[in-house]
Amino acid sequence: MARTGGSAGVAGPDGEGAERLRRWRMVLGGGEADGTGCALSGRDAAMDAALDALYAGPAGSGSRRAPGERSAGLGGSAPKVARWLGDIRTYFPAPVVQVMQRDAIERLGLSSLLLEPEMLEAVEPDVHLVGTLLSLNKAMPETTKETARAVVRTVVEQVEKRLAARTRATLTGALDRSARISRPRHHDIDWNRTIRANLKNYLPEYRTVVPERLIGYGRAAQSVKKEVILCIDQSGSMAASVVYASVFGAVLASMRSIATRLVVFDTAVVDLTDQLDDPVDVLFGTQLGGGTDINRALAYCQSRITRPADTVVVLISDLYEGGIRNEMLKRVAAMKGAGVEFVALLALSDEGAPAYDREHAAALAALGAPAFACTPDLFPEVMAAALEKRPLPLP
């Protein structure tokens with residue numbers, strides 16, 4: 001892993017050449033094989049030791065040293081791992097720390113150590129860590145659960161701060177546009193938009209606009225205008241999507257003009273709508289892992305639709321169906337035929353499209369429901385388009 005920083009503590013040539021050697025030494029990891037002949041000391045040596053503890057030796061591919069050479073290692077020692085977590089937070093920026101934490105959990109099997117409160121207090125919270133904690137939820141001792149909830153809440157608040165305001169503003173605009181009527185009563189006329197729409201009818205001699213088309217607002221401005229059902233696959237590969245979808249579900253539920261339902265599924269279906277006021281409760285109500293029965297989940301969602309023409313169903317899944325494929329597709333076709341706007345997201349995360357069932361994605365596209373991966377930043381625009389029944393902004 002390449003790193004940048006001051007060149008103090010490097011034994012070797014001076015100036016630009018020394019910095020170049022230092023960078024190569026940090027990338028290659030040392031030992032005779034790196035060929036730089038460059039030694040590290042001070043902060044550089046400490047950074048190198050922190051990287052060696054994770055990436056050196058025979059543990060996993062891409063190791064920085066040949067098997068059998070010295071390696072600091074992390075082993076299974078909680079105190080050693082806790083010190084290492086503190087070191088990497090000292091030497092590296094938060095995005096790099098999050099990557100290294102994720103690698104440590106995956107490469108060295110450190111998930112069990114996250115069941116200890118002291119460990120959770122040392123980690124850098126991020127969406128992927130939340131996914132790991134949720135997968136360990138059932139095995140988590142009571143002494144750790146409060147600390148885990150605090151970590152999850154920190155991430156949820158970060159996501160809300162990043163996305164909530166723009167989501168509300170985008171969807172409020174979409175709902176206002178969808179609620180406008182073309183034959184409003186006098187006190188319901190939106191005069192600003194009516195004038196703009198009729199500027200071509202300006203009569204210079206009378207210095208006025210003759211409105212051929214009136215634009216107004218719906219009279220029930222505060223009533224429920226749309227219904228949204230978020231149907232979320234909680235298989236292990238969808239962890240980040242579950243986190244973001246839970247936050248978006250809470251944001252949608254806070255809008256009086258949208259009736260929001262949140263459903264999670266594996267081979268069973270769980271309706272978490274009554275917990276939408278707190279995304280943390282929603283997340284701890286999920287159980288990541290297990291099989292997948294999309295057909296059963298869509299059957300449940302279909303049974304809860306009361307106003308098809310005003311309903312948006314968002315399926316968030318990699319589409320690996322363990323249930324009845326043809327029935328799943330029939331349900332999607334039936335919902336669309338009734339007027340439901342159906343959106344299929346292969347992922348709701350920053351990472352892009354995961355592995356997914358391409359045959360099912362193509363079958364949904366043939367039904368007029370394109371399946372695509374969506375970043376959290378794009379999701380408000382996707383929802384706005386679905387609420388207004390216009391083409392989705394595909395990435």
# chains A, B, ... in the order shown; residues from 1 in each chain; ligands from 1
call {"tool": "select_by_dssp", "arguments": {"residues": "segment 167-371 of chain A", "states": "alpha helix (DSSP H)", "output": "PyMOL selection string"}}
result
chain A and resi 167-179+191-197+239-253+279-284+294-303+325-337+358-366
call {"tool": "residues_around", "arguments": {"residues": "Asp310 of chain A", "least_positions_apart": "2", "cutoff": "7 Å", "atoms": "only C-alpha atoms", "output": "number ranges by chain"}}
result
A: 226-227, 307-308, 312, 340
call {"tool": "write_last_selection", "arguments": {"atoms": "all heavy atoms", "output": "JSON list (two decimals), in the first residue's frame"}}
result
[["chain", "number", "residue", "atom", "x", "y", "z"],
["A", 226, "LYS", "N", -48.52, 9.65, -2.03],
["A", 226, "LYS", "CA", -47.88, 8.47, -2.61],
["A", 226, "LYS", "C", -47.60, 7.45, -1.52],
["A", 226, "LYS", "O", -47.43, 7.79, -0.35],
["A", 226, "LYS", "CB", -46.56, 8.85, -3.31],
["A", 226, "LYS", "CG", -46.72, 9.80, -4.49],
["A", 226, "LYS", "CD", -47.32, 9.09, -5.71],
["A", 226, "LYS", "CE", -47.38, 10.04, -6.90],
["A", 226, "LYS", "NZ", -47.90, 9.36, -8.11],
["A", 227, "GLU", "N", -47.53, 6.19, -1.95],
["A", 227, "GLU", "CA", -47.13, 5.11, -1.05],
["A", 227, "GLU", "C", -45.86, 4.48, -1.60],
["A", 227, "GLU", "O", -45.76, 4.22, -2.81],
["A", 227, "GLU", "CB", -48.25, 4.06, -0.93],
["A", 227, "GLU", "CG", -49.53, 4.63, -0.32],
["A", 227, "GLU", "CD", -50.63, 3.60, -0.18],
["A", 227, "GLU", "OE1", -50.36, 2.41, -0.48],
["A", 227, "GLU", "OE2", -51.75, 3.97, 0.21],
["A", 307, "ARG", "N", -53.42, 1.39, -3.32],
["A", 307, "ARG", "CA", -53.61, 2.38, -4.39],
["A", 307, "ARG", "C", -52.51, 2.18, -5.43],
["A", 307, "ARG", "O", -51.51, 2.90, -5.43],
["A", 307, "ARG", "CB", -53.56, 3.79, -3.84],
["A", 307, "ARG", "CG", -54.64, 4.10, -2.79],
["A", 307, "ARG", "CD", -54.65, 5.59, -2.45],
["A", 307, "ARG", "NE", -53.36, 6.02, -1.93],
["A", 307, "ARG", "CZ", -52.96, 7.29, -1.88],
["A", 307, "ARG", "NH1", -53.73, 8.24, -2.39],
["A", 307, "ARG", "NH2", -51.78, 7.61, -1.38],
["A", 308, "PRO", "N", -52.68, 1.21, -6.32],
["A", 308, "PRO", "CA", -51.59, 0.87, -7.25],
["A", 308, "PRO", "C", -51.05, 2.05, -8.04],
["A", 308, "PRO", "O", -49.83, 2.18, -8.20],
["A", 308, "PRO", "CB", -52.23, -0.17, -8.17],
["A", 308, "PRO", "CG", -53.35, -0.76, -7.37],
["A", 308, "PRO", "CD", -53.86, 0.36, -6.52],
["A", 312, "VAL", "N", -45.13, 3.16, -5.31],
["A", 312, "VAL", "CA", -43.80, 2.83, -5.84],
["A", 312, "VAL", "C", -43.25, 1.68, -5.00],
["A", 312, "VAL", "O", -43.17, 1.79, -3.77],
["A", 312, "VAL", "CB", -42.84, 4.03, -5.78],
["A", 312, "VAL", "CG1", -41.45, 3.62, -6.27],
["A", 312, "VAL", "CG2", -43.37, 5.20, -6.59],
["A", 340, "VAL", "N", -48.54, 0.15, -10.72],
["A", 340, "VAL", "CA", -47.47, 0.35, -9.74],
["A", 340, "VAL", "C", -46.17, 0.70, -10.46],
["A", 340, "VAL", "O", -45.84, 0.12, -11.50],
["A", 340, "VAL", "CB", -47.27, -0.93, -8.90],
["A", 340, "VAL", "CG1", -46.04, -0.81, -8.01],
["A", 340, "VAL", "CG2", -48.51, -1.22, -8.07]]
call {"tool": "residues_around", "arguments": {"residues": "segment 332-338 of chain A", "least_positions_apart": "3", "cutoff": "8 Å", "atoms": "only C-alpha atoms", "output": "JSON, numbers by chain"}}
result
{"A": [298, 302, 308, 309, 328, 329, 341, 342, 364, 367]}
call {"tool": "write_last_selection", "arguments": {"atoms": "N, CA and C atoms", "output": "tab-separated table (two decimals), in the first residue's frame"}}
result
chain	number	residue	atom	x	y	z
A	298	LEU	N	-42.23	-10.35	-2.49
A	298	LEU	CA	-43.08	-9.55	-3.37
A	298	LEU	C	-44.55	-9.89	-3.18
A	302	GLN	N	-47.18	-7.04	-2.43
A	302	GLN	CA	-48.35	-6.92	-3.31
A	302	GLN	C	-49.64	-6.91	-2.49
A	308	PRO	N	-52.68	1.21	-6.32
A	308	PRO	CA	-51.59	0.87	-7.25
A	308	PRO	C	-51.05	2.05	-8.04
A	309	ALA	N	-51.92	2.91	-8.54
A	309	ALA	CA	-51.48	4.01	-9.38
A	309	ALA	C	-50.64	5.03	-8.61
A	328	MET	N	-42.22	-15.00	-9.37
A	328	MET	CA	-41.67	-13.69	-9.07
A	328	MET	C	-41.90	-12.73	-10.23
A	329	LEU	N	-41.59	-13.17	-11.43
A	329	LEU	CA	-41.76	-12.31	-12.60
A	329	LEU	C	-43.23	-12.01	-12.86
A	341	GLU	N	-45.42	1.67	-9.92
A	341	GLU	CA	-44.08	1.95	-10.41
A	341	GLU	C	-43.13	1.00	-9.70
A	342	PHE	N	-42.43	0.16	-10.45
A	342	PHE	CA	-41.56	-0.87	-9.86
A	342	PHE	C	-40.11	-0.54	-10.20
A	364	LEU	N	-36.49	-8.79	-15.85
A	364	LEU	CA	-37.17	-7.61	-15.29
A	364	LEU	C	-37.13	-6.45	-16.28
A	367	LEU	N	-39.74	-6.56	-18.74
A	367	LEU	CA	-41.06	-6.18	-18.21
A	367	LEU	C	-41.18	-4.67	-18.00
call {"tool": "closest_residue", "arguments": {"among": "A:Trp191, A:Tyr55, A:Tyr300, A:Tyr244", "to": "Arg261 of chain A", "atoms": "only C-alpha atoms"}}
result
A:Tyr300
call {"tool": "residues_around", "arguments": {"residues": "Thr143 of chain A", "least_positions_apart": "3", "cutoff": "9 Å", "atoms": "only C-alpha atoms", "output": "PyMOL selection string"}}
result
chain A and resi 115-117+140+146-147
call {"tool": "atom_distance", "arguments": {"atom1": "atom CA of Ile189 of chain A", "atom2": "atom CA of Lys225 of chain A"}}
result
18.8 Å
call {"tool": "residues_around", "arguments": {"residues": "Phe284 of chain A", "least_positions_apart": "2", "cutoff": "9 Å", "atoms": "only C-alpha atoms", "output": "list in words"}}
result
Leu134, Asn137, Arg149, Pro279, Val280, Asp281, Val282, Thr286 and Gln287 of chain A
call {"tool": "write_last_selection", "arguments": {"atoms": "C-alpha atoms", "output": "short mmCIF file (atom, residue, chain, number, x, y, z; two decimals), in the first residue's frame"}}
result
data_model
loop_
_atom_site.label_atom_id
_atom_site.label_comp_id
_atom_site.auth_asym_id
_atom_site.auth_seq_id
_atom_site.Cartn_x
_atom_site.Cartn_y
_atom_site.Cartn_z
CA LEU A 134 -25.37 -6.84 12.18
CA ASN A 137 -25.98 -9.53 16.20
CA ARG A 149 -25.65 0.26 19.01
CA PRO A 279 -33.11 3.39 11.67
CA VAL A 280 -30.95 1.80 14.37
CA ASP A 281 -33.93 -0.24 15.56
CA VAL A 282 -34.61 -1.21 11.95
CA THR A 286 -32.56 -7.44 10.42
CA GLN A 287 -30.64 -10.70 10.28
#
call {"tool": "residues_around", "arguments": {"residues": "segment 151-155 of chain A", "least_positions_apart": "2", "cutoff": "7 Å", "atoms": "only C-alpha atoms", "output": "number ranges by chain"}}
result
A: 125-127, 130, 147-149, 157-159, 280
call {"tool": "write_last_selection", "arguments": {"atoms": "all heavy atoms", "output": "short mmCIF file (atom, residue, chain, number, x, y, z; two decimals), in the first residue's frame"}}
result
data_model
loop_
_atom_site.label_atom_id
_atom_site.label_comp_id
_atom_site.auth_asym_id
_atom_site.auth_seq_id
_atom_site.Cartn_x
_atom_site.Cartn_y
_atom_site.Cartn_z
N PRO A 125 -15.83 3.82 12.78
CA PRO A 125 -17.15 3.38 12.28
C PRO A 125 -17.33 3.68 10.79
O PRO A 125 -16.95 4.74 10.32
CB PRO A 125 -18.13 4.22 13.12
CG PRO A 125 -17.34 4.72 14.28
CD PRO A 125 -15.94 4.88 13.78
N ASP A 126 -17.88 2.72 10.06
CA ASP A 126 -18.28 2.94 8.69
C ASP A 126 -19.38 1.95 8.33
O ASP A 126 -19.72 1.07 9.12
CB ASP A 126 -17.09 2.86 7.73
CG ASP A 126 -16.62 1.43 7.49
OD1 ASP A 126 -16.69 0.62 8.43
OD2 ASP A 126 -16.19 1.13 6.37
N VAL A 127 -19.94 2.10 7.12
CA VAL A 127 -21.08 1.29 6.71
C VAL A 127 -20.73 -0.20 6.71
O VAL A 127 -21.53 -1.04 7.13
CB VAL A 127 -21.57 1.73 5.31
CG1 VAL A 127 -22.56 0.73 4.74
CG2 VAL A 127 -22.21 3.12 5.40
N VAL A 130 -20.74 -1.66 10.17
CA VAL A 130 -22.12 -1.88 10.61
C VAL A 130 -22.65 -3.20 10.07
O VAL A 130 -23.28 -3.98 10.79
CB VAL A 130 -23.03 -0.71 10.17
CG1 VAL A 130 -24.51 -1.06 10.40
CG2 VAL A 130 -22.67 0.55 10.94
N THR A 147 -22.62 -0.91 23.21
CA THR A 147 -21.51 -0.31 22.47
C THR A 147 -21.72 -0.46 20.98
O THR A 147 -21.46 0.47 20.20
CB THR A 147 -20.19 -1.00 22.87
OG1 THR A 147 -20.06 -0.97 24.29
CG2 THR A 147 -19.01 -0.28 22.25
N ALA A 148 -22.21 -1.63 20.55
CA ALA A 148 -22.48 -1.85 19.13
C ALA A 148 -23.56 -0.89 18.63
O ALA A 148 -23.44 -0.35 17.52
CB ALA A 148 -22.91 -3.30 18.90
N ARG A 149 -24.60 -0.68 19.42
CA ARG A 149 -25.65 0.26 19.01
C ARG A 149 -25.08 1.66 18.87
O ARG A 149 -25.48 2.42 17.97
CB ARG A 149 -26.80 0.25 20.02
CG ARG A 149 -27.67 -1.00 19.96
CD ARG A 149 -28.84 -0.89 20.92
NE ARG A 149 -29.80 0.10 20.46
CZ ARG A 149 -30.82 -0.16 19.64
NH1 ARG A 149 -31.01 -1.39 19.19
NH2 ARG A 149 -31.64 0.79 19.27
N GLU A 157 -26.12 8.40 11.81
CA GLU A 157 -26.17 9.87 11.86
C GLU A 157 -25.31 10.49 10.77
O GLU A 157 -25.66 11.52 10.20
CB GLU A 157 -25.73 10.34 13.25
CG GLU A 157 -26.76 10.03 14.34
CD GLU A 157 -26.25 10.34 15.73
OE1 GLU A 157 -25.04 10.68 15.87
OE2 GLU A 157 -27.06 10.26 16.68
N GLN A 158 -24.17 9.86 10.48
CA GLN A 158 -23.33 10.36 9.38
C GLN A 158 -24.06 10.27 8.04
O GLN A 158 -24.02 11.21 7.23
CB GLN A 158 -22.02 9.55 9.32
CG GLN A 158 -21.09 9.79 10.49
CD GLN A 158 -19.91 8.81 10.49
OE1 GLN A 158 -19.88 7.85 9.72
NE2 GLN A 158 -18.94 9.05 11.36
N VAL A 159 -24.71 9.15 7.81
CA VAL A 159 -25.44 8.96 6.56
C VAL A 159 -26.61 9.93 6.47
O VAL A 159 -26.87 10.54 5.41
CB VAL A 159 -25.93 7.50 6.44
CG1 VAL A 159 -26.83 7.34 5.21
CG2 VAL A 159 -24.74 6.55 6.35
N VAL A 280 -31.77 2.75 13.61
CA VAL A 280 -30.95 1.80 14.37
C VAL A 280 -31.79 0.60 14.80
O VAL A 280 -31.35 -0.54 14.72
CB VAL A 280 -30.32 2.49 15.60
CG1 VAL A 280 -29.53 1.48 16.44
CG2 VAL A 280 -29.39 3.62 15.14
#
call {"tool": "closest_residue", "arguments": {"among": "A:Ala344, A:Ile229, A:Val123, A:Ala240", "to": "Gly86 of chain A", "atoms": "only C-alpha atoms"}}
result
A:Val123
call {"tool": "atom_distance", "arguments": {"atom1": "atom CA of Ala253 of chain A", "atom2": "atom CA of Ile316 of chain A"}}
result
17.7 Å
call {"tool": "select_by_dssp", "arguments": {"residues": "segment 290-379 of chain A", "states": "strand (DSSP E)", "output": "compact mmCIF listing (two decimals) with C-alpha atoms, in the first residue's frame"}}
result
# COMPACT_ATOMS: atom_id res chain seq x y z
CA THR A 311 -47.53 3.28 -5.26
CA VAL A 312 -43.80 2.83 -5.84
CA VAL A 313 -42.24 -0.54 -4.99
CA VAL A 314 -38.44 -0.57 -4.68
CA LEU A 315 -36.87 -4.03 -4.68
CA ILE A 316 -33.25 -3.93 -3.47
CA GLU A 341 -44.08 1.95 -10.41
CA PHE A 342 -41.56 -0.87 -9.86
CA VAL A 343 -37.86 -0.12 -9.33
CA ALA A 344 -35.22 -2.88 -9.04
CA LEU A 345 -31.89 -1.92 -7.50
CA LEU A 346 -29.07 -4.46 -7.58
CA ALA A 347 -27.36 -2.54 -4.80
CA LEU A 348 -27.79 0.69 -2.87
CA ALA A 371 -32.40 -3.47 -12.74
CA PHE A 372 -29.33 -1.39 -11.93
CA ALA A 373 -26.99 -0.52 -9.08
CA CYS A 374 -27.63 2.84 -7.45
call {"tool": "residues_around", "arguments": {"residues": "Gly249 of chain A", "least_positions_apart": "4", "cutoff": "12 Å", "atoms": "only C-alpha atoms", "output": "PyMOL selection string"}}
result
chain A and resi 156+160+163-164+167-168+227-232+241-245+253-255+258-264+272-280+282-283+314+379-380+383
call {"tool": "closest_residue", "arguments": {"among": "A:Arg107, A:Lys389, A:Glu124, A:Tyr206", "to": "Pro95 of chain A", "atoms": "only C-alpha atoms"}}
result
A:Glu124
call {"tool": "atom_distance", "arguments": {"atom1": "atom CA of Glu118 of chain A", "atom2": "atom CA of Val81 of chain A"}}
result
10.4 Å
call {"tool": "decode", "arguments": {"residues": "segment 166-300 of chain A", "atoms": "C-alpha atoms", "output": "compact mmCIF listing (two decimals), in the first residue's frame"}}
result
# COMPACT_ATOMS: atom_id res chain seq x y z
CA ARG A 166 -31.36 16.65 -0.11
CA THR A 167 -33.68 13.64 -0.17
CA ARG A 168 -36.52 15.59 1.45
CA ALA A 169 -36.01 18.58 -0.85
CA THR A 170 -35.87 16.45 -4.01
CA LEU A 171 -38.92 14.36 -3.17
CA THR A 172 -40.95 17.33 -1.93
CA GLY A 173 -40.44 18.98 -5.31
CA ALA A 174 -41.47 15.79 -7.11
CA LEU A 175 -44.60 15.45 -4.98
CA ASP A 176 -45.56 19.09 -5.56
CA ARG A 177 -45.21 18.66 -9.29
CA SER A 178 -47.23 15.47 -9.31
CA ALA A 179 -49.97 17.13 -7.24
CA ARG A 180 -50.54 20.12 -9.54
CA ILE A 181 -53.88 20.23 -11.30
CA SER A 182 -54.69 21.83 -14.63
CA ARG A 183 -58.18 23.16 -13.72
CA PRO A 184 -57.67 24.67 -10.27
CA ARG A 185 -60.14 26.80 -8.36
CA HIS A 186 -59.15 30.45 -8.06
CA HIS A 187 -57.55 30.16 -4.61
CA ASP A 188 -55.62 27.02 -5.69
CA ILE A 189 -53.87 28.67 -8.68
CA ASP A 190 -50.07 28.70 -8.60
CA TRP A 191 -49.70 32.14 -10.20
CA ASN A 192 -45.91 32.08 -10.61
CA ARG A 193 -45.94 28.88 -12.64
CA THR A 194 -49.10 29.86 -14.49
CA ILE A 195 -47.51 33.10 -15.71
CA ARG A 196 -44.30 31.35 -16.75
CA ALA A 197 -46.29 28.73 -18.67
CA ASN A 198 -48.22 31.44 -20.55
CA LEU A 199 -45.54 34.02 -21.36
CA LYS A 200 -46.01 33.25 -25.06
CA ASN A 201 -49.49 34.74 -24.70
CA TYR A 202 -48.22 38.15 -23.60
CA LEU A 203 -50.18 41.04 -25.22
CA PRO A 204 -47.91 44.11 -25.45
CA GLU A 205 -50.77 46.53 -26.15
CA TYR A 206 -52.47 45.52 -22.90
CA ARG A 207 -49.25 44.79 -21.05
CA THR A 208 -50.67 41.57 -19.71
CA VAL A 209 -50.55 37.79 -20.12
CA VAL A 210 -53.65 35.93 -21.22
CA PRO A 211 -53.51 32.55 -19.42
CA GLU A 212 -54.70 29.75 -21.65
CA ARG A 213 -53.60 27.13 -19.12
CA LEU A 214 -53.94 27.42 -15.37
CA ILE A 215 -51.58 25.53 -13.05
CA GLY A 216 -52.57 24.88 -9.49
CA TYR A 217 -51.81 22.78 -6.46
CA GLY A 218 -53.85 19.84 -5.26
CA ARG A 219 -56.11 20.92 -2.41
CA ALA A 220 -55.03 18.12 -0.08
CA ALA A 221 -51.47 19.37 0.14
CA GLN A 222 -50.84 17.75 3.52
CA SER A 223 -52.53 14.42 2.83
CA VAL A 224 -50.78 11.23 1.74
CA LYS A 225 -50.09 11.50 -1.98
CA LYS A 226 -47.88 8.47 -2.61
CA GLU A 227 -47.13 5.11 -1.05
CA VAL A 228 -43.61 3.67 -1.12
CA ILE A 229 -42.65 0.10 -0.27
CA LEU A 230 -38.96 -0.65 0.25
CA CYS A 231 -38.40 -4.41 -0.12
CA ILE A 232 -34.86 -5.25 0.99
CA ASP A 233 -32.90 -8.45 0.51
CA GLN A 234 -31.00 -9.09 3.76
CA SER A 235 -28.63 -11.74 2.42
CA GLY A 236 -25.05 -11.20 3.55
CA SER A 237 -23.88 -9.61 0.30
CA MET A 238 -26.44 -6.79 0.69
CA ALA A 239 -25.15 -5.44 4.03
CA ALA A 240 -24.31 -1.91 2.87
CA SER A 241 -27.60 -1.70 0.96
CA VAL A 242 -29.53 -2.61 4.11
CA VAL A 243 -27.84 0.22 6.03
CA TYR A 244 -28.57 2.89 3.41
CA ALA A 245 -32.10 1.64 2.73
CA SER A 246 -32.95 1.77 6.44
CA VAL A 247 -31.84 5.40 6.64
CA PHE A 248 -33.75 6.34 3.49
CA GLY A 249 -36.79 4.51 4.86
CA ALA A 250 -36.69 6.65 7.99
CA VAL A 251 -36.33 9.84 5.91
CA LEU A 252 -39.30 8.89 3.71
CA ALA A 253 -41.38 7.97 6.76
CA SER A 254 -40.76 11.45 8.18
CA MET A 255 -42.52 13.01 5.16
CA ARG A 256 -46.25 13.36 5.80
CA SER A 257 -47.19 13.08 2.14
CA ILE A 258 -45.55 9.64 1.71
CA ALA A 259 -46.81 6.47 3.37
CA THR A 260 -43.70 4.32 3.70
CA ARG A 261 -43.44 0.59 4.36
CA LEU A 262 -40.13 -1.20 4.91
CA VAL A 263 -39.92 -4.96 4.41
CA VAL A 264 -36.80 -7.14 4.79
CA PHE A 265 -36.54 -10.73 3.66
CA ASP A 266 -34.42 -13.82 3.27
CA THR A 267 -36.53 -16.98 3.10
CA ALA A 268 -38.89 -15.31 5.57
CA VAL A 269 -40.46 -11.86 5.39
CA VAL A 270 -40.33 -9.30 8.21
CA ASP A 271 -42.24 -6.00 8.15
CA LEU A 272 -40.27 -3.36 10.08
CA THR A 273 -42.52 -0.42 9.27
CA ASP A 274 -43.41 0.22 12.91
CA GLN A 275 -39.72 0.80 13.69
CA LEU A 276 -39.07 3.35 10.96
CA ASP A 277 -38.83 6.24 13.38
CA ASP A 278 -35.38 4.92 14.36
CA PRO A 279 -33.11 3.39 11.67
CA VAL A 280 -30.95 1.80 14.37
CA ASP A 281 -33.93 -0.24 15.56
CA VAL A 282 -34.61 -1.21 11.95
CA LEU A 283 -31.03 -2.38 11.46
CA PHE A 284 -31.00 -4.45 14.62
CA GLY A 285 -34.29 -5.97 13.48
CA THR A 286 -32.56 -7.44 10.42
CA GLN A 287 -30.64 -10.70 10.28
CA LEU A 288 -28.00 -10.66 7.57
CA GLY A 289 -27.31 -13.96 5.84
CA GLY A 290 -29.46 -16.93 4.94
CA GLY A 291 -31.33 -17.81 1.78
CA THR A 292 -33.45 -15.68 -0.51
CA ASP A 293 -37.12 -15.92 -1.52
CA ILE A 294 -37.91 -12.83 -3.57
CA ASN A 295 -41.25 -14.23 -4.73
CA ARG A 296 -42.51 -14.56 -1.15
CA ALA A 297 -41.37 -11.04 -0.31
CA LEU A 298 -43.08 -9.55 -3.37
CA ALA A 299 -46.24 -11.50 -2.58
CA TYR A 300 -46.33 -9.83 0.83
